[in-house]
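Trainee: Next comes the structure file work-v4.cif, holding mmCIF, C-alpha atoms.
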data_final
#
loop_
_atom_site.label_atom_id
_atom_site.label_comp_id
_atom_site.auth_asym_id
_atom_site.auth_seq_id
_atom_site.Cartn_x
_atom_site.Cartn_y
_atom_site.Cartn_z
CA MET A 1 90.09 96.49 136.00
CA GLU A 2 93.44 97.93 137.00
CA LEU A 3 96.18 98.24 134.40
CA THR A 4 99.68 98.51 135.80
CA GLU A 5 102.15 100.96 134.31
CA ARG A 6 104.46 98.08 133.50
CA LYS A 7 101.78 96.23 131.56
CA PHE A 8 100.72 99.43 129.76
CA ARG A 9 104.28 100.10 128.59
CA HIS A 10 104.71 96.46 127.58
CA TRP A 11 101.63 96.57 125.37
CA CYS A 12 102.75 99.91 123.89
CA ARG A 13 106.10 98.36 122.92
CA LEU A 14 104.31 95.36 121.43
CA ILE A 15 102.15 97.60 119.23
CA GLU A 16 105.07 99.75 118.09
CA SER A 17 107.29 96.79 117.24
CA HIS A 18 104.65 95.30 114.94
CA THR A 19 103.06 98.42 113.44
CA GLY A 20 105.39 101.37 114.02
CA ILE A 21 102.58 103.13 115.90
CA ALA A 22 103.84 104.81 119.06
CA VAL A 23 101.50 105.72 121.90
CA SER A 24 102.58 109.31 122.50
CA ALA A 25 101.70 111.49 125.47
CA CYS A 26 98.93 113.28 123.57
CA TRP A 27 96.78 110.14 123.33
CA ALA A 28 98.21 107.93 126.09
CA ASP A 29 95.12 108.44 128.29
CA PHE A 30 92.82 107.35 125.47
CA ALA A 31 95.02 104.32 124.74
CA ARG A 32 95.09 103.36 128.42
CA ARG A 33 91.28 103.52 128.64
CA ARG A 34 90.94 101.33 125.56
CA MET A 35 93.41 98.83 126.96
CA VAL A 36 91.46 98.64 130.21
CA GLU A 37 88.21 98.10 128.29
CA HIS A 38 89.76 95.30 126.23
CA GLN A 39 92.26 93.77 128.66
CA SER A 40 91.26 90.20 127.94
CA PHE A 41 91.71 90.77 124.23
CA PHE A 42 95.11 92.38 124.74
CA ARG A 43 96.25 89.40 126.77
CA GLN A 44 95.27 87.10 123.91
CA ALA A 45 97.17 89.31 121.45
CA GLU A 46 100.35 88.84 123.47
CA ASP A 47 100.26 85.12 122.67
CA SER A 48 98.90 85.44 119.13
CA PRO A 49 100.49 88.08 116.87
CA GLY A 50 97.66 87.47 114.42
CA ASN A 51 95.34 89.28 116.82
CA LEU A 52 97.48 92.42 116.75
CA GLN A 53 95.51 93.80 113.81
CA ALA A 54 92.26 93.81 115.77
CA LEU A 55 94.15 95.20 118.74
CA VAL A 56 95.30 98.18 116.67
CA ASP A 57 91.72 98.71 115.48
CA ARG A 58 90.69 99.23 119.09
CA LEU A 59 93.39 101.81 119.72
CA LEU A 60 93.46 104.15 116.74
CA ILE A 61 91.55 107.41 116.83
CA LYS A 62 89.94 107.34 113.39
CA GLU A 63 89.09 111.04 113.17
CA THR A 64 88.73 112.32 109.62
CA ARG A 65 86.30 114.18 107.37
CA PHE A 66 85.81 115.11 103.74
CA PHE A 67 88.23 117.80 102.49
CA ARG A 68 89.62 118.07 106.01
CA HIS A 69 92.35 120.62 105.19
CA PRO A 70 91.17 122.67 102.18
CA PRO A 71 94.56 124.33 101.45
CA SER A 72 96.12 120.89 100.95
CA PHE A 73 93.43 119.88 98.45
CA ASN A 74 93.80 123.20 96.64
CA TYR A 75 97.53 122.49 96.45
CA VAL A 76 96.86 119.07 94.91
CA ALA A 77 94.65 120.69 92.29
CA ASN A 78 97.40 123.20 91.45
CA ILE A 79 100.15 120.64 91.06
CA LEU A 80 97.99 118.27 89.00
CA THR A 81 96.98 121.04 86.62
CA GLY A 82 100.39 122.74 86.53
CA GLY A 83 99.35 126.02 88.14
CA PRO A 84 101.51 129.11 87.51
CA ASP A 85 103.02 128.99 91.00
CA VAL A 86 104.13 125.38 90.75
CA PRO A 87 107.90 124.96 90.19
CA GLY A 88 108.70 123.39 86.84
CA SER A 89 105.16 123.54 85.48
CA ASP A 90 104.29 124.53 81.93
CA PRO A 91 100.92 126.32 81.78
CA GLN A 92 100.84 125.82 77.97
CA SER A 93 101.22 122.03 78.11
CA GLU A 94 98.43 119.54 77.49
CA PRO A 95 96.43 118.28 80.51
CA PRO A 96 98.33 115.37 82.12
CA SER A 97 96.90 111.87 81.81
CA GLY A 98 97.36 108.63 83.67
CA PHE A 99 98.25 110.35 86.94
CA SER A 100 98.24 108.41 90.19
CA LEU A 101 97.57 109.22 93.82
CA TRP A 102 98.09 107.37 97.09
CA SER A 103 96.08 108.20 100.21
CA VAL A 104 98.18 106.85 103.09
CA GLY A 105 96.35 106.24 106.34
CA CYS A 106 92.99 106.78 104.65
CA ALA A 107 91.01 105.68 107.75
CA SER A 108 87.30 105.32 106.86
CA GLY A 109 87.77 106.68 103.35
CA GLU A 110 86.77 110.34 103.51
CA GLU A 111 90.22 111.56 102.46
CA ALA A 112 90.47 109.12 99.55
CA TYR A 113 87.02 109.97 98.22
CA SER A 114 87.81 113.68 98.57
CA LEU A 115 90.86 113.19 96.35
CA ALA A 116 88.75 111.21 93.90
CA ILE A 117 86.08 113.94 93.78
CA LEU A 118 88.74 116.58 93.21
CA SER A 119 90.36 114.57 90.41
CA GLU A 120 87.05 113.79 88.72
CA GLN A 121 86.04 117.45 88.78
CA LEU A 122 89.35 118.45 87.22
CA CYS A 123 88.86 115.82 84.51
CA GLN A 124 85.33 117.01 83.78
CA ALA A 125 86.61 120.59 83.54
CA GLY A 126 89.17 119.51 80.94
CA LYS A 127 92.10 120.31 83.19
CA LEU A 128 93.12 116.66 83.48
CA CYS A 129 92.77 113.68 81.22
CA SER A 130 91.24 110.47 82.50
CA PRO A 131 91.95 107.88 83.60
CA PHE A 132 93.64 108.28 86.96
CA ARG A 133 94.29 105.71 89.65
CA LEU A 134 93.92 106.22 93.37
CA LEU A 135 95.21 103.78 95.96
CA ALA A 136 93.97 104.20 99.54
CA THR A 137 95.57 102.25 102.37
CA ASP A 138 95.28 101.92 106.11
CA VAL A 139 96.45 99.58 108.83
CA SER A 140 92.93 99.29 110.30
CA GLN A 141 90.75 96.63 108.69
CA SER A 142 87.58 97.90 110.36
CA ALA A 143 88.18 101.40 108.95
CA LEU A 144 88.75 99.96 105.48
CA ASP A 145 85.47 98.05 105.71
CA ILE A 146 83.65 101.35 106.23
CA ALA A 147 85.59 102.95 103.37
CA ARG A 148 84.68 100.17 100.94
CA ARG A 149 80.98 100.49 101.83
CA GLY A 150 81.21 104.22 101.20
CA GLU A 151 78.19 105.11 103.34
CA TYR A 152 78.36 108.11 105.66
CA PRO A 153 75.93 109.98 107.94
CA ARG A 154 74.33 112.92 106.16
CA SER A 155 75.60 115.19 108.93
CA ARG A 156 79.20 114.42 107.88
CA LEU A 157 78.59 115.91 104.43
CA ARG A 158 76.77 119.11 105.33
CA HIS A 159 79.84 121.28 104.69
CA LEU A 160 80.30 120.07 101.09
CA ASN A 161 79.34 122.35 98.23
CA VAL A 162 76.70 121.43 95.64
CA MET A 163 79.18 120.01 93.12
CA GLN A 164 80.88 117.86 95.74
CA HIS A 165 77.55 116.71 97.16
CA ALA A 166 76.51 115.48 93.71
CA TRP A 167 78.90 112.53 94.03
CA PHE A 168 76.64 110.95 96.66
CA GLU A 169 73.23 109.30 96.55
CA SER A 170 70.66 108.58 99.23
CA ALA A 171 71.16 105.48 101.39
CA GLY A 172 68.18 105.91 103.70
CA ASP A 173 67.07 108.78 105.88
CA LYS A 174 70.33 109.20 107.76
CA PHE A 175 73.03 108.11 105.30
CA LEU A 176 74.47 109.02 101.92
CA ARG A 177 76.40 106.61 99.68
CA VAL A 178 79.33 107.34 97.36
CA ARG A 179 78.14 106.88 93.79
CA ALA A 180 79.44 103.79 91.99
CA THR A 181 81.09 105.87 89.27
CA LEU A 182 83.33 107.47 91.91
CA LYS A 183 83.79 104.40 94.10
CA LYS A 184 85.28 102.40 91.23
CA ARG A 185 88.07 104.98 90.97
CA VAL A 186 89.46 104.06 94.39
CA VAL A 187 91.23 100.83 95.37
CA PHE A 188 91.29 100.24 99.13
CA ALA A 189 93.91 97.93 100.61
CA ARG A 190 95.38 97.16 103.99
CA HIS A 191 98.99 98.30 104.28
CA ASN A 192 101.38 98.85 107.14
CA LEU A 193 104.12 101.40 106.44
CA LEU A 194 106.62 99.00 108.00
CA ASP A 195 105.84 96.61 105.14
CA PRO A 196 107.34 96.90 101.63
CA LEU A 197 106.04 99.64 99.34
CA PRO A 198 103.05 98.88 97.07
CA GLY A 199 105.40 98.40 94.09
CA LYS A 200 104.08 101.39 92.14
CA THR A 201 105.08 105.02 91.95
CA PHE A 202 102.77 107.98 92.38
CA ASP A 203 102.44 111.59 91.28
CA VAL A 204 100.89 112.52 94.63
CA ILE A 205 101.14 110.90 98.04
CA PHE A 206 98.68 112.36 100.53
CA CYS A 207 99.72 111.40 104.06
CA GLN A 208 98.08 113.61 106.68
CA ASN A 209 97.79 113.09 110.44
CA LEU A 210 99.60 109.76 110.34
CA LEU A 211 103.08 110.73 111.53
CA VAL A 212 101.60 111.82 114.87
CA TYR A 213 101.20 108.11 115.59
CA VAL A 214 104.84 107.40 114.80
CA ALA A 215 107.75 107.88 117.20
CA PRO A 216 109.87 110.94 116.25
CA THR A 217 112.89 108.70 115.71
CA ARG A 218 111.00 106.80 112.96
CA ARG A 219 109.45 109.75 111.11
CA LYS A 220 112.39 110.58 108.85
CA MET A 221 112.77 106.91 107.97
CA LEU A 222 109.13 106.76 106.92
CA LEU A 223 109.53 109.93 104.85
CA GLU A 224 112.45 108.28 103.06
CA LYS A 225 110.27 105.27 102.39
CA LEU A 226 107.39 107.37 101.04
CA ALA A 227 109.81 109.32 98.88
CA GLY A 228 110.77 106.01 97.30
CA ALA A 229 107.18 105.63 96.10
CA LEU A 230 107.11 109.02 94.38
CA LYS A 231 107.66 109.57 90.68
CA PRO A 232 110.39 112.10 89.82
CA ALA A 233 109.05 115.54 90.80
CA GLY A 234 106.11 113.86 92.57
CA ARG A 235 104.66 115.50 95.67
CA LEU A 236 104.29 114.31 99.26
CA ILE A 237 101.70 116.27 101.26
CA LEU A 238 101.70 116.07 105.06
CA ALA A 239 99.50 117.81 107.60
CA PRO A 240 100.77 121.24 108.74
CA GLY A 241 103.09 120.93 111.72
CA GLU A 242 103.43 117.17 111.32
CA PHE A 243 107.17 117.20 110.63
CA PHE A 244 109.72 119.77 111.79
CA GLY A 245 113.05 118.06 111.16
CA THR A 246 115.36 118.04 108.17
CA PRO A 247 113.73 116.01 105.40
CA PRO A 248 115.57 113.30 103.48
CA ALA A 249 117.89 114.67 100.79
CA VAL A 250 115.60 113.33 98.05
CA LEU A 251 112.77 115.61 99.22
CA ILE A 252 112.71 119.35 98.55
CA ARG A 253 110.31 121.54 100.53
CA ASP A 254 107.72 123.13 98.25
CA ARG A 255 106.79 126.54 99.61
CA CYS A 256 104.09 127.50 97.10
CA ASP A 257 101.56 127.86 99.92
CA PRO A 258 102.67 128.59 103.51
CA ALA A 259 99.53 126.83 104.80
CA VAL A 260 100.62 123.53 103.22
CA LEU A 261 103.42 121.18 104.24
CA ALA A 262 104.54 119.56 101.00
CA TYR A 263 107.73 118.14 99.51
CA ARG A 264 108.80 117.57 95.91
CA ARG A 265 110.90 114.56 95.01
CA SER A 266 114.17 115.42 93.32
CA PRO A 267 114.16 113.99 89.78
CA SER A 268 117.85 113.13 90.05
CA GLN A 269 117.56 110.66 92.93
CA ALA A 270 117.11 106.93 92.53
CA ARG A 271 113.98 105.27 93.78
CA GLY A 272 114.11 104.15 97.39
CA HIS A 273 113.27 100.76 98.88
#
Could you quickly redo this structure as structure tokens?
Mentor:
Amino acid sequence: MELTERKFRHWCRLIESHTGIAVSACWADFARRRMVEHQSFFRQAEDSPGNLQALVDRLLIKETRFFRHPPSFNYVANILTGGPDVPGSDPQSEPPSGFSLWSVGCASGEEAYSLAILSEQLCQAGKLCSPFRLLATDVSQSALDIARRGEYPRSRLRHLNVMQHAWFESAGDKFLRVRATLKKRVVFARHNLLDPLPGKTFDVIFCQNLLVYVAPTRRKMLLEKLAGALKPAGRLILAPGEFFGTPPAVLIRDRCDPAVLAYRRSPSQARGH
């Protein structure tokens, strides 16, 4: 079925106004194909905002994998354990306890479980003290359903090392399942970044490959919002090249690793809204 340019732009505006997700040039062709495939559903969504959630599920490219950007996970390990290159850290201090992480735009859960594996390994090595809490959110309900099941094709885990692989158990010939001891560490919830913050503050906010879905004019606003969910001196980790502008004043670029795009929240700023 033909999709006019006018209708395509109209549906793009509808999605952005309700979710903040902008259909940029880099994935416009994909979005157009999905709209053509589901035209009848999109027409229903115009008249029923409640259907917008399922509409978004049909549009998002849910590409992710375990430990997708290793330098970023190494950075998280360094800041949690107070590595010697981390500003303000005290290598002689006791291992921190009660730390919290937020995986924003967690998709089908690989990123969140990667953070949980990393944290558990640090706790077992005596570099951190349990317990920790890990919130994982996404706007896509279908992706969250997969994350909560925690079952993934064996082929998706081939690149993991032996210690990382140990956090999974067999779920048939073709799938592996996240072990219950790890799964209970992660709370999955649906959250739209246009909605109010979760009401908690975090030591680490991991938000990679999400801003590419947001219009450039909204990105700084979302960074300000995420900064409001950071504890003093907490860290926000983005994907490399995801943001090039001037960050909000509350965020200070952390240049410990040139391969990582991370910001530290100024301890002197009040919490945002």
Trainee: Within 9 Å of (107.6, 103.1, 116.5), only C-alpha atoms: residues as number ranges by chain?
Mentor: A: 13, 15-23, 213-219
Trainee: Could the residues in this selection be written to a file with C-alpha atoms, as an mmCIF file, in the coordinates of the input?
Mentor:
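result15.cif, freshly written:
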data_model
loop_
_atom_site.group_PDB
_atom_site.id
_atom_site.type_symbol
_atom_site.label_atom_id
_atom_site.label_comp_id
_atom_site.auth_asym_id
_atom_site.auth_seq_id
_atom_site.Cartn_x
_atom_site.Cartn_y
_atom_site.Cartn_z
ATOM 1 C CA ARG A 13 106.100 98.360 122.920
ATOM 2 C CA ILE A 15 102.150 97.600 119.230
ATOM 3 C CA GLU A 16 105.070 99.750 118.090
ATOM 4 C CA SER A 17 107.290 96.790 117.240
ATOM 5 C CA HIS A 18 104.650 95.300 114.940
ATOM 6 C CA THR A 19 103.060 98.420 113.440
ATOM 7 C CA GLY A 20 105.390 101.370 114.020
ATOM 8 C CA ILE A 21 102.580 103.130 115.900
ATOM 9 C CA ALA A 22 103.840 104.810 119.060
ATOM 10 C CA VAL A 23 101.500 105.720 121.900
ATOM 11 C CA TYR A 213 101.200 108.110 115.590
ATOM 12 C CA VAL A 214 104.840 107.400 114.800
ATOM 13 C CA ALA A 215 107.750 107.880 117.200
ATOM 14 C CA PRO A 216 109.870 110.940 116.250
ATOM 15 C CA THR A 217 112.890 108.700 115.710
ATOM 16 C CA ARG A 218 111.000 106.800 112.960
ATOM 17 C CA ARG A 219 109.450 109.750 111.110
#
Trainee: Up to 7 Å from (72.3, 110.5, 109.1) in the file's coordinates: name the residues, counting only C-alpha atoms, as a ChimeraX atom specification.
Mentor: /A:153-155,173-175
Trainee: Excluding A:Arg177 and its own-chain neighbours fewer than 2 positions away, which residues fall within 10 Å of it when counting only C-alpha atoms? Please give them as a list in words.
Mentor: Arg149, Gly150, Glu151, Tyr152, Pro153, Arg154, Trp167, Phe168, Glu169, Ser170, Ala171, Gly172, Phe175, Arg179, Ala180 and Lys183 of chain A
Trainee: Which residues of stretch 158-219 of chain A sit at most 6 Å from stretch 233-236 of chain A, using all atoms listed in the file? Give each one's shortest atom pair and distance in Å (one decimal place), in chain and ascending residue order, as a tab-separated table.
Mentor:
residue	atom	partner	partner_atom	distance
A:Asp203	CA	A:Gly234	CA	4.5
A:Val204	CA	A:Arg235	CA	4.9
A:Ile205	CA	A:Leu236	CA	4.8
Trainee: Return as a ChimeraX atom specification the set of residues that the PyMOL selection byres ((chain A and resi 196) around 12) yields on the displayed structure.
Mentor: /A:191-195,197-200,222,225-226,228-229,272-273
Trainee: Only C-alpha atoms, please: the residues just picked out, written as a CSV table (one decimal), in the coordinates of the input.
Mentor:
chain,number,residue,atom,x,y,z
A,191,HIS,CA,99.0,98.3,104.3
A,192,ASN,CA,101.4,98.8,107.1
A,193,LEU,CA,104.1,101.4,106.4
A,194,LEU,CA,106.6,99.0,108.0
A,195,ASP,CA,105.8,96.6,105.1
A,197,LEU,CA,106.0,99.6,99.3
A,198,PRO,CA,103.0,98.9,97.1
A,199,GLY,CA,105.4,98.4,94.1
A,200,LYS,CA,104.1,101.4,92.1
A,222,LEU,CA,109.1,106.8,106.9
A,225,LYS,CA,110.3,105.3,102.4
A,226,LEU,CA,107.4,107.4,101.0
A,228,GLY,CA,110.8,106.0,97.3
A,229,ALA,CA,107.2,105.6,96.1
A,272,GLY,CA,114.1,104.2,97.4
A,273,HIS,CA,113.3,100.8,98.9
Trainee: Just the residues within 10 Å of A:Leu59, please, counting only C-alpha atoms, with nothing from its chain fewer than 3 positions along; format it as a compact mmCIF listing (two decimals) with C-alpha atoms, keeping the file's coordinate frame.
Mentor:
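Just written: out11.txt:
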# COMPACT_ATOMS: atom_id res chain seq x y z
CA ILE A 15 102.15 97.60 119.23
CA VAL A 23 101.50 105.72 121.90
CA TRP A 27 96.78 110.14 123.33
CA PHE A 30 92.82 107.35 125.47
CA ALA A 31 95.02 104.32 124.74
CA ARG A 32 95.09 103.36 128.42
CA ARG A 33 91.28 103.52 128.64
CA ARG A 34 90.94 101.33 125.56
CA MET A 35 93.41 98.83 126.96
CA HIS A 38 89.76 95.30 126.23
CA ALA A 54 92.26 93.81 115.77
CA LEU A 55 94.15 95.20 118.74
CA VAL A 56 95.30 98.18 116.67
CA LYS A 62 89.94 107.34 113.39
CA SER A 140 92.93 99.29 110.30
Trainee: What is the atom CA of A:Met163 to atom CA of A:Leu118 distance in Å?
Mentor: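 Separation of atom CA of A:Met163 and atom CA of A:Leu118: 10.2 Å.
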Trainee: Take atom CA of A:Ala147 and atom CA of A:His165 and report the distance between them in Å, one decimal.
Mentor: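 Answer for the atom CA of A:Ala147 to atom CA of A:His165 separation: 17.1 Å.
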Trainee: Quick one, how far is atom CA of A:Leu128 from atom CA of A:Leu101?
Mentor: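 Separation of atom CA of A:Leu128 and atom CA of A:Leu101: 13.5 Å.
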Trainee: Using the block above, I'd like stretch 61-82 of chain A written out, keeping N, CA, C and O atoms and formatting it as a PDB file, in the first residue's frame.
Mentor:
ATOM      1  N   ILE A  61      14.183   0.029  16.422  1.00  0.00           N
ATOM      2  CA  ILE A  61      15.186  -0.963  16.042  1.00  0.00           C
ATOM      3  C   ILE A  61      15.855  -1.421  17.327  1.00  0.00           C
ATOM      4  O   ILE A  61      16.685  -0.720  17.901  1.00  0.00           O
ATOM      5  N   LYS A  62      15.484  -2.596  17.806  1.00  0.00           N
ATOM      6  CA  LYS A  62      15.936  -3.054  19.124  1.00  0.00           C
ATOM      7  C   LYS A  62      17.257  -3.816  19.003  1.00  0.00           C
ATOM      8  O   LYS A  62      17.358  -4.984  19.365  1.00  0.00           O
ATOM      9  N   GLU A  63      18.280  -3.161  18.498  1.00  0.00           N
ATOM     10  CA  GLU A  63      19.578  -3.800  18.334  1.00  0.00           C
ATOM     11  C   GLU A  63      20.415  -3.604  19.594  1.00  0.00           C
ATOM     12  O   GLU A  63      20.671  -2.489  20.023  1.00  0.00           O
ATOM     13  N   THR A  64      20.835  -4.693  20.187  1.00  0.00           N
ATOM     14  CA  THR A  64      21.669  -4.630  21.380  1.00  0.00           C
ATOM     15  C   THR A  64      22.390  -5.959  21.528  1.00  0.00           C
ATOM     16  O   THR A  64      22.095  -6.919  20.811  1.00  0.00           O
ATOM     17  N   ARG A  65      23.325  -6.030  22.439  1.00  0.00           N
ATOM     18  CA  ARG A  65      24.006  -7.292  22.740  1.00  0.00           C
ATOM     19  C   ARG A  65      24.701  -7.154  24.090  1.00  0.00           C
ATOM     20  O   ARG A  65      24.868  -6.056  24.606  1.00  0.00           O
ATOM     21  N   PHE A  66      25.111  -8.276  24.642  1.00  0.00           N
ATOM     22  CA  PHE A  66      25.780  -8.267  25.933  1.00  0.00           C
ATOM     23  C   PHE A  66      27.145  -7.581  25.824  1.00  0.00           C
ATOM     24  O   PHE A  66      27.900  -7.815  24.881  1.00  0.00           O
ATOM     25  N   PHE A  67      27.426  -6.713  26.805  1.00  0.00           N
ATOM     26  CA  PHE A  67      28.695  -5.972  26.860  1.00  0.00           C
ATOM     27  C   PHE A  67      29.009  -5.337  25.488  1.00  0.00           C
ATOM     28  O   PHE A  67      30.102  -5.492  24.947  1.00  0.00           O
ATOM     29  N   ARG A  68      28.045  -4.591  24.997  1.00  0.00           N
ATOM     30  CA  ARG A  68      28.116  -4.079  23.625  1.00  0.00           C
ATOM     31  C   ARG A  68      29.325  -3.181  23.386  1.00  0.00           C
ATOM     32  O   ARG A  68      29.949  -3.254  22.344  1.00  0.00           O
ATOM     33  N   HIS A  69      29.642  -2.303  24.350  1.00  0.00           N
ATOM     34  CA  HIS A  69      30.796  -1.409  24.206  1.00  0.00           C
ATOM     35  C   HIS A  69      31.713  -1.637  25.402  1.00  0.00           C
ATOM     36  O   HIS A  69      31.567  -0.976  26.442  1.00  0.00           O
ATOM     37  N   PRO A  70      32.656  -2.567  25.295  1.00  0.00           N
ATOM     38  CA  PRO A  70      33.502  -2.946  26.442  1.00  0.00           C
ATOM     39  C   PRO A  70      34.160  -1.782  27.178  1.00  0.00           C
ATOM     40  O   PRO A  70      34.192  -1.792  28.421  1.00  0.00           O
ATOM     41  N   PRO A  71      34.687  -0.752  26.487  1.00  0.00           N
ATOM     42  CA  PRO A  71      35.301   0.354  27.246  1.00  0.00           C
ATOM     43  C   PRO A  71      34.334   1.015  28.227  1.00  0.00           C
ATOM     44  O   PRO A  71      34.747   1.435  29.318  1.00  0.00           O
ATOM     45  N   SER A  72      33.059   1.101  27.871  1.00  0.00           N
ATOM     46  CA  SER A  72      32.085   1.710  28.775  1.00  0.00           C
ATOM     47  C   SER A  72      31.875   0.859  30.016  1.00  0.00           C
ATOM     48  O   SER A  72      31.736   1.381  31.134  1.00  0.00           O
ATOM     49  N   PHE A  73      31.854  -0.458  29.857  1.00  0.00           N
ATOM     50  CA  PHE A  73      31.693  -1.337  31.016  1.00  0.00           C
ATOM     51  C   PHE A  73      32.952  -1.335  31.874  1.00  0.00           C
ATOM     52  O   PHE A  73      32.868  -1.401  33.112  1.00  0.00           O
ATOM     53  N   ASN A  74      34.114  -1.250  31.249  1.00  0.00           N
ATOM     54  CA  ASN A  74      35.354  -1.126  32.025  1.00  0.00           C
ATOM     55  C   ASN A  74      35.356   0.166  32.832  1.00  0.00           C
ATOM     56  O   ASN A  74      35.824   0.214  33.976  1.00  0.00           O
ATOM     57  N   TYR A  75      34.807   1.216  32.242  1.00  0.00           N
ATOM     58  CA  TYR A  75      34.713   2.507  32.926  1.00  0.00           C
ATOM     59  C   TYR A  75      33.797   2.394  34.151  1.00  0.00           C
ATOM     60  O   TYR A  75      34.121   2.899  35.235  1.00  0.00           O
ATOM     61  N   VAL A  76      32.668   1.711  33.979  1.00  0.00           N
ATOM     62  CA  VAL A  76      31.756   1.518  35.111  1.00  0.00           C
ATOM     63  C   VAL A  76      32.461   0.786  36.244  1.00  0.00           C
ATOM     64  O   VAL A  76      32.345   1.158  37.416  1.00  0.00           O
ATOM     65  N   ALA A  77      33.218  -0.254  35.897  1.00  0.00           N
ATOM     66  CA  ALA A  77      33.956  -0.998  36.923  1.00  0.00           C
ATOM     67  C   ALA A  77      34.938  -0.092  37.650  1.00  0.00           C
ATOM     68  O   ALA A  77      35.072  -0.159  38.887  1.00  0.00           O
ATOM     69  N   ASN A  78      35.618   0.779  36.924  1.00  0.00           N
ATOM     70  CA  ASN A  78      36.600   1.685  37.536  1.00  0.00           C
ATOM     71  C   ASN A  78      35.948   2.679  38.482  1.00  0.00           C
ATOM     72  O   ASN A  78      36.463   2.941  39.578  1.00  0.00           O
ATOM     73  N   ILE A  79      34.824   3.251  38.070  1.00  0.00           N
ATOM     74  CA  ILE A  79      34.210   4.261  38.930  1.00  0.00           C
ATOM     75  C   ILE A  79      33.548   3.627  40.152  1.00  0.00           C
ATOM     76  O   ILE A  79      33.531   4.215  41.235  1.00  0.00           O
ATOM     77  N   LEU A  80      33.018   2.411  39.999  1.00  0.00           N
ATOM     78  CA  LEU A  80      32.399   1.752  41.147  1.00  0.00           C
ATOM     79  C   LEU A  80      33.431   1.327  42.178  1.00  0.00           C
ATOM     80  O   LEU A  80      33.157   1.316  43.380  1.00  0.00           O
ATOM     81  N   THR A  81      34.617   0.974  41.703  1.00  0.00           N
ATOM     82  CA  THR A  81      35.656   0.501  42.627  1.00  0.00           C
ATOM     83  C   THR A  81      36.659   1.583  42.980  1.00  0.00           C
ATOM     84  O   THR A  81      37.631   1.324  43.690  1.00  0.00           O
ATOM     85  N   GLY A  82      36.440   2.824  42.469  1.00  0.00           N
ATOM     86  CA  GLY A  82      37.333   3.922  42.814  1.00  0.00           C
ATOM     87  C   GLY A  82      38.723   3.732  42.264  1.00  0.00           C
ATOM     88  O   GLY A  82      39.715   3.858  42.994  1.00  0.00           O
TER      89      GLY A  82
END
